[in-house]
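Asker: Next up, query_2.cif (mmCIF, C-alpha atoms).
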```
data_my_file
#
loop_
_atom_site.label_atom_id
_atom_site.label_comp_id
_atom_site.auth_asym_id
_atom_site.auth_seq_id
_atom_site.Cartn_x
_atom_site.Cartn_y
_atom_site.Cartn_z
CA MET A 984 54.71 16.86 19.89
CA GLY A 985 54.09 20.41 18.79
CA GLU A 986 51.18 21.98 17.01
CA SER A 987 49.83 19.89 14.15
CA ASP A 988 50.37 21.09 10.60
CA LYS A 989 47.00 19.69 9.67
CA ALA A 990 43.34 20.65 10.08
CA VAL A 991 40.28 18.64 9.10
CA PHE A 992 36.76 19.84 8.28
CA ARG A 993 33.87 17.53 7.50
CA VAL A 994 30.23 17.91 6.57
CA VAL A 995 27.49 15.59 5.31
CA ILE A 996 25.53 17.02 2.40
CA ARG A 997 22.15 15.82 1.17
CA GLY A 998 22.74 15.65 -2.54
CA SER A 999 24.56 13.73 -5.25
CA ILE A 1000 28.30 13.23 -5.30
CA GLU A 1001 28.37 14.75 -8.81
CA ALA A 1002 26.67 17.94 -7.58
CA VAL A 1003 29.21 18.40 -4.79
CA TRP A 1004 32.12 17.60 -7.10
CA HIS A 1005 30.83 20.10 -9.64
CA GLU A 1006 30.71 22.92 -7.06
CA ILE A 1007 34.38 22.56 -6.15
CA THR A 1008 35.80 21.95 -9.63
CA LYS A 1009 33.70 24.04 -12.03
CA THR A 1010 35.49 26.65 -14.10
CA ASP A 1011 32.58 28.15 -16.06
CA GLU A 1012 30.96 30.00 -13.18
CA LEU A 1013 31.92 31.53 -9.84
CA GLN A 1014 32.59 29.06 -7.04
CA LYS A 1015 30.34 30.54 -4.39
CA CYS A 1016 31.57 28.09 -1.76
CA MET A 1017 35.16 29.18 -2.37
CA PHE A 1018 34.66 32.82 -1.49
CA ASN A 1019 32.96 33.55 -4.80
CA MET A 1020 36.15 33.14 -6.82
CA ARG A 1021 36.49 31.75 -10.33
CA LEU A 1022 38.74 28.77 -10.90
CA GLU A 1023 41.04 29.17 -13.86
CA THR A 1024 43.27 26.31 -14.89
CA ASN A 1025 45.39 25.05 -17.76
CA GLY A 1026 44.17 21.52 -17.04
CA LEU A 1027 42.71 19.77 -14.00
CA LYS A 1028 45.27 16.97 -13.94
CA PRO A 1029 48.49 16.42 -12.00
CA GLY A 1030 50.88 19.25 -12.81
CA GLY A 1031 48.08 21.57 -13.98
CA GLN A 1032 48.14 25.11 -12.66
CA ILE A 1033 45.18 26.58 -10.80
CA ARG A 1034 44.35 30.21 -10.09
CA MET A 1035 41.47 31.55 -8.03
CA ARG A 1036 40.44 34.86 -9.59
CA SER A 1037 38.03 37.50 -8.34
CA PRO A 1038 34.66 37.86 -10.14
CA SER A 1039 36.07 40.80 -12.15
CA GLY A 1040 39.18 38.77 -12.98
CA LYS A 1041 41.43 41.63 -11.89
CA THR A 1042 42.82 40.02 -8.76
CA THR A 1043 44.05 36.54 -7.99
CA GLY A 1044 43.70 35.43 -4.38
CA VAL A 1045 45.09 31.93 -4.55
CA VAL A 1046 47.54 30.05 -6.75
CA GLY A 1047 48.37 26.36 -6.78
CA GLU A 1048 49.15 23.22 -8.69
CA VAL A 1049 47.03 20.09 -9.06
CA LEU A 1050 48.60 17.04 -7.40
CA GLU A 1051 45.78 14.49 -7.78
CA PHE A 1052 42.52 14.61 -9.71
CA ASP A 1053 40.21 11.64 -9.44
CA PRO A 1054 36.56 12.59 -10.20
CA PRO A 1055 34.29 12.54 -8.29
CA ARG A 1056 36.14 11.43 -5.17
CA ARG A 1057 39.48 13.08 -4.65
CA TYR A 1058 41.09 16.36 -5.61
CA VAL A 1059 44.42 17.41 -4.13
CA HIS A 1060 46.27 20.62 -4.89
CA THR A 1061 48.87 22.96 -3.47
CA PHE A 1062 47.61 26.28 -2.19
CA ARG A 1063 49.23 29.64 -1.65
CA PHE A 1064 47.73 33.05 -0.90
CA THR A 1065 49.20 35.63 -3.28
CA GLN A 1066 48.89 38.18 -0.51
CA PHE A 1067 51.37 36.44 1.82
CA ASP A 1068 54.89 35.18 1.31
CA ASP A 1069 54.23 31.97 3.22
CA PRO A 1070 55.15 28.60 1.70
CA ALA A 1071 52.41 26.63 -0.05
CA CYS A 1072 50.26 24.17 1.86
CA THR A 1073 48.25 21.23 0.55
CA VAL A 1074 44.47 21.09 0.24
CA ILE A 1075 42.72 17.71 0.01
CA HIS A 1076 39.06 17.38 -0.99
CA GLU A 1077 37.57 13.95 -0.39
CA LEU A 1078 34.02 12.91 -1.29
CA ARG A 1079 32.36 9.73 -0.14
CA GLU A 1080 28.83 8.47 -0.63
CA VAL A 1081 27.02 7.74 2.65
CA PRO A 1082 23.38 6.76 3.26
CA GLU A 1083 22.46 10.40 4.04
CA GLY A 1084 24.13 11.79 0.93
CA VAL A 1085 27.76 12.79 0.49
CA GLU A 1086 30.41 13.10 3.14
CA TYR A 1087 32.77 15.91 2.17
CA THR A 1088 36.11 16.11 3.98
CA LEU A 1089 38.40 19.08 3.53
CA THR A 1090 41.93 18.64 4.86
CA HIS A 1091 44.55 21.35 5.07
CA ALA A 1092 47.99 19.76 5.31
CA ASN A 1093 51.55 21.07 5.57
CA LEU A 1094 50.25 24.27 7.11
CA PRO A 1095 53.18 26.56 7.90
CA ALA A 1096 52.77 26.87 11.69
CA GLY A 1097 52.02 30.27 13.15
CA THR A 1098 51.64 32.02 9.78
CA LYS A 1099 48.82 34.18 8.48
CA THR A 1100 48.17 31.41 5.95
CA ALA A 1101 47.53 28.86 8.72
CA LYS A 1102 45.23 31.27 10.54
CA GLN A 1103 43.17 32.12 7.46
CA MET A 1104 42.92 28.49 6.40
CA ASN A 1105 41.59 27.55 9.82
CA GLN A 1106 38.96 30.25 9.67
CA GLY A 1107 38.00 29.42 6.09
CA GLY A 1108 37.54 25.66 6.35
CA ALA A 1109 34.30 25.64 8.32
CA MET A 1110 32.82 28.34 6.12
CA ILE A 1111 33.63 26.42 2.94
CA CYS A 1112 31.92 23.30 4.32
CA ALA A 1113 28.84 25.15 5.57
CA THR A 1114 28.50 27.11 2.32
CA LEU A 1115 28.99 24.06 0.13
CA LYS A 1116 26.21 22.32 2.06
CA ALA A 1117 23.90 25.34 1.75
CA ILE A 1118 24.48 25.65 -2.01
CA VAL A 1119 23.92 21.97 -2.83
CA GLU A 1120 20.89 21.66 -0.52
CA THR A 1121 19.18 25.02 -0.99
CA GLY A 1122 20.68 26.45 -4.18
CA ARG A 1123 22.43 29.40 -2.56
CA PRO A 1124 24.74 30.43 0.29
CA SER A 1125 23.40 31.83 3.56
CA PHE A 1126 22.58 35.51 3.82
CA GLY A 1127 25.74 36.20 5.82
CA VAL A 1128 27.97 34.62 3.17
CA ARG A 1129 26.19 36.51 0.38
CA LEU A 1130 26.81 39.70 2.31
CA LEU A 1131 30.48 38.77 2.55
CA HIS A 1132 30.69 38.36 -1.23
CA VAL A 1133 29.36 41.90 -1.67
CA LEU A 1134 31.96 43.11 0.83
CA PHE A 1135 34.76 41.40 -1.13
CA LYS A 1136 33.65 43.23 -4.24
CA LEU A 1137 33.69 46.57 -2.46
CA LEU A 1138 37.13 45.91 -1.01
CA GLU A 1139 38.73 44.71 -4.26
CA PRO A 1140 40.29 48.11 -5.11
CA LEU A 1141 42.23 47.90 -1.83
CA THR A 1142 43.89 44.59 -2.70
CA PRO A 1143 47.72 44.80 -2.76
CA LYS A 1144 49.35 45.18 -6.17
CA LYS A 1145 51.13 41.85 -5.96
CA CYS A 1146 47.73 40.11 -6.07
CA ARG A 1147 46.90 41.53 -9.51
CA SER A 1148 46.10 38.83 -12.03
CA GLU A 1149 48.73 39.96 -14.54
CA ASN A 1150 51.36 38.77 -12.04
CA TRP A 1151 49.84 35.30 -11.98
CA PRO A 1152 49.38 33.92 -15.51
CA VAL A 1153 47.92 30.43 -15.57
CA ASP A 1154 50.57 28.93 -17.82
CA ARG A 1155 53.51 29.82 -15.59
CA GLN A 1156 54.67 27.21 -13.12
CA ILE A 1157 54.59 28.52 -9.55
CA MET B 808 28.33 10.71 9.90
CA ALA B 809 24.80 11.56 10.95
CA ASP B 810 23.24 14.63 9.43
CA SER B 811 20.90 15.43 12.27
CA MET B 812 21.70 18.00 14.93
CA ASP B 813 20.35 15.61 17.57
CA VAL B 814 23.57 13.63 17.64
CA VAL B 815 25.61 16.82 17.92
CA PHE B 816 23.66 18.10 20.93
CA GLU B 817 23.70 14.66 22.48
CA ALA B 818 27.45 14.48 22.06
CA LEU B 819 27.90 17.94 23.55
CA ALA B 820 25.64 17.20 26.52
CA SER B 821 28.46 15.65 28.52
CA PRO B 822 31.19 17.46 30.45
CA ALA B 823 33.65 14.65 29.71
CA ARG B 824 33.06 14.87 25.97
CA ARG B 825 33.34 18.64 25.98
CA LYS B 826 36.65 18.22 27.80
CA ILE B 827 37.78 15.79 25.09
CA LEU B 828 36.96 18.42 22.45
CA ASP B 829 39.09 20.95 24.36
CA ILE B 830 41.98 18.50 24.52
CA VAL B 831 41.85 17.59 20.83
CA LYS B 832 41.39 21.21 19.75
CA ASP B 833 44.53 22.13 21.71
CA ARG B 834 46.51 19.30 20.14
CA PRO B 835 45.28 18.56 16.61
CA GLY B 836 46.32 15.12 15.44
CA CYS B 837 46.82 13.76 18.96
CA SER B 838 46.41 10.08 19.83
CA VAL B 839 43.71 8.33 21.85
CA LYS B 840 46.38 7.68 24.46
CA HIS B 841 47.01 11.41 24.81
CA VAL B 842 43.30 12.01 25.46
CA ALA B 843 43.02 9.08 27.88
CA GLY B 844 45.89 10.55 29.89
CA PHE B 845 43.60 13.38 31.05
CA PHE B 846 41.02 11.04 32.54
CA GLU B 847 40.86 8.80 35.58
CA VAL B 848 38.31 6.52 33.93
CA SER B 849 39.29 3.49 31.85
CA ARG B 850 40.51 3.82 28.30
CA ILE B 851 37.42 1.88 27.19
CA ALA B 852 35.20 4.62 28.64
CA VAL B 853 37.20 7.29 26.83
CA MET B 854 36.93 5.30 23.59
CA LYS B 855 33.18 5.20 24.06
CA HIS B 856 33.03 8.98 24.40
CA LEU B 857 35.22 9.32 21.31
CA GLN B 858 32.88 7.07 19.38
CA ILE B 859 29.91 9.32 20.22
CA LEU B 860 31.91 12.40 19.23
CA GLU B 861 32.89 10.77 15.94
CA LEU B 862 29.31 9.80 15.20
CA ALA B 863 28.42 13.48 15.54
CA ASP B 864 31.37 14.39 13.30
CA LEU B 865 32.78 16.58 16.06
CA ILE B 866 35.90 14.42 16.00
CA VAL B 867 37.42 13.13 12.78
CA SER B 868 40.00 10.39 13.09
CA GLU B 869 42.66 9.34 10.69
CA LYS B 870 44.60 6.10 10.61
CA ASP B 871 48.32 6.54 11.09
CA GLY B 872 49.92 3.13 10.98
CA ARG B 873 48.51 1.24 13.93
CA SER B 874 47.32 4.25 15.88
CA ARG B 875 44.69 6.89 15.20
CA ARG B 876 45.17 10.62 14.98
CA LEU B 877 42.28 12.76 16.20
CA PHE B 878 41.12 16.11 14.87
CA PHE B 879 38.41 18.46 16.11
CA ASN B 880 35.91 19.28 13.36
CA CYS B 881 34.24 22.63 14.05
CA VAL B 882 31.72 22.41 11.18
CA PRO B 883 28.78 20.96 13.21
CA ILE B 884 29.15 23.85 15.65
CA GLN B 885 29.34 26.31 12.77
CA MET B 886 26.03 24.86 11.52
CA ILE B 887 24.40 25.45 14.91
CA TYR B 888 25.74 28.99 14.91
CA ASP B 889 24.53 29.68 11.36
CA ARG B 890 21.08 28.39 12.13
CA TRP B 891 20.32 30.65 15.05
CA THR B 892 22.59 33.64 14.69
CA SER B 893 22.08 36.35 12.11
CA GLU B 894 24.81 38.81 11.22
CA TYR B 895 23.29 41.54 13.37
CA SER B 896 22.62 39.49 16.46
CA ALA B 897 26.14 38.09 16.14
CA LEU B 898 27.60 41.56 16.55
CA TRP B 899 25.71 42.24 19.78
CA ALA B 900 26.14 38.75 21.11
CA SER B 901 29.88 38.84 20.54
CA ASN B 902 30.13 42.20 22.30
CA LEU B 903 28.20 40.77 25.23
CA THR B 904 30.28 37.60 25.42
CA LYS B 905 33.46 39.70 25.25
CA LEU B 906 32.20 41.71 28.20
CA LYS B 907 31.44 38.50 30.08
CA TYR B 908 34.91 37.08 29.42
CA ARG B 909 36.54 40.35 30.44
CA ILE B 910 34.68 40.53 33.74
CA GLU B 911 35.31 36.88 34.49
CA SER B 912 39.02 37.08 33.80
CA ARG B 913 39.24 40.20 35.97
CA GLU B 914 37.49 38.39 38.81
CA LYS B 915 39.83 35.47 38.44
CA THR B 916 42.93 37.63 38.71
CA HIS B 917 41.47 39.27 41.82
CA GLY B 918 41.05 35.87 43.41
CA ARG B 919 37.27 35.98 43.40
CA LYS B 920 35.22 33.49 41.53
#
```
Rewrite the structure from the file as structure tokens, please.

Answerer:
Amino acid sequence: MGESDKAVFRVVIRGSIEAVWHEITKTDELQKCMFNMRLETNGLKPGGQIRMRSPSGKTTGVVGEVLEFDPPRRYVHTFRFTQFDDPACTVIHELREVPEGVEYTLTHANLPAGTKTAKQMNQGGAMICATLKAIVETGRPSFGVRLLHVLFKLLEPLTPKKCRSENWPVDRQI
Amino acid sequence: MADSMDVVFEALASPARRKILDIVKDRPGCSVKHVAGFFEVSRIAVMKHLQILELADLIVSEKDGRSRRLFFNCVPIQMIYDRWTSEYSALWASNLTKLKYRIESREKTHGRK
């Protein structure tokens, strides 16, 4: 058996399942746990398109399509970095109520082995979980993550042209 | 499942369990049988260690037909890191650990330990 195409991240969050669900699906404000991007969609239902835009809206980091949407327990979508030419992988968010609060499980499946996508996804998973927990429990991300958001903003002008939002309209199937 | 760091430290306070984490990290999605193959002790003993690791959320298991697939979950360790390491200390600490690893690997290649 070779390297697995799957990675799993899990955290228990003291808070309501609705609060956690809201953080990962909201479209009206920046998703601080998802690298401070804004989710744009033409409908959170199977077949709906999703785009993760920068705070300014000028760049689009991630594109995907909703595969399953079952509030407030399960949200599955495809995921592709606009920066790389790697095939899409699948992201699964699962929420479950436990005595301590909510158990949030983030699974990255169908990861294209050995690609930049796989590497970035592996680095990002733990940060998403830790930040989600910090936001729901304390109202904001840790200092380090907030610093990172500022850094993203400063680096935005250096983003490759192919990541510009005009290349990734929300109503076009990917 | 537990939220407390106690269970994480307790789980990590065993060489056998740390070895299990190394094994599962190297082979995400591996079976209990694969892990047991690295140990002389009974499979029951390995299962017991796995149970403690799962309770601490350091191992997440998934049903795959009749067997279980195991994954290493790094989030509890990330939480420990976040709690005690600030951005600035991380920079110095990582430079120091790099130095340590470099010296150790050099000593290894020179046959000294």

Asker: Taking 6 positions as the minimum chain separation for residues in the same chain, which residues sit within 9 Å of Met1020 of chain A when counting only C-alpha atoms? Answer as a list in words.

Answerer: Glu1012, Leu1013, Gln1014, Met1035, Arg1036, Ser1037, Pro1038, Gly1040, Thr1043 and Gly1044 of chain A

Asker: Given the file shown, determine the residues that the PyMOL selection byres ((chain A) within 12 of (chain B)) selects; report them as a ChimeraX atom specification.

Answerer: /A:984-997,1079-1092,1105-1117,1124-1131

Asker: Do you know which residues are at most 12 Å from Pro1152 of chain A counting all atoms listed in the file, after dropping those on the same chain fewer than 5 positions away, and could you put them as an MDAnalysis selection string?

Answerer: chainID A and resid 1023:1025 1032:1036 1040:1043 1045:1047 1146:1147 1157

Asker: For atom CA of Gly1031 of chain A and atom CA of Ile1000 of chain A, determine how far apart the two atoms are, in Å to one decimal place.

Answerer: 23.2 Å

Asker: In terms of the shortest atom-to-atom distance over all atoms listed in the file, which of A:Trp1004, A:Phe1062, A:Phe1135, A:Phe1067 is closest to Asn1093 of chain A?

Answerer: A:Phe1062

Asker: Would you mind reading off the distance between atom CA of Val853 of chain B and atom CA of Asp829 of chain B, one decimal, in Å?

Answerer: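 Atom CA of Asp829 of chain B lies 14.0 Å from atom CA of Val853 of chain B.
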
Asker: Which neighbours of His856 of chain B fall inside 12 Å, counting all atoms listed in the file, when residues of the same chain fewer than 6 positions from it are skipped, and could you give them as JSON, numbers by chain?

Answerer: {"B": [817, 818, 819, 820, 821, 822, 823, 824, 825, 826, 827, 828, 839, 842, 843, 846, 848, 849, 850, 862, 863, 865, 866]}

Asker: What does the distance between atom CA of Asn902 of chain B and atom CA of Ile887 of chain B come to in Å, to one decimal place?

Answerer: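 Computed distance, atom CA of Asn902 of chain B to atom CA of Ile887 of chain B, equals 19.2 Å.
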
Asker: Would you place a box with edges along x, y and z of the file around all atoms of segment 1132-1137 of chain A listed there, add 5 Å to each of its six sides, and report the centre and edge lengths in Å to one decimal, as JSON?

Answerer:
```
{"center_x": 32.1, "center_y": 42.5, "center_z": -1.7, "size_x": 15.4, "size_y": 18.2, "size_z": 15.1}
```
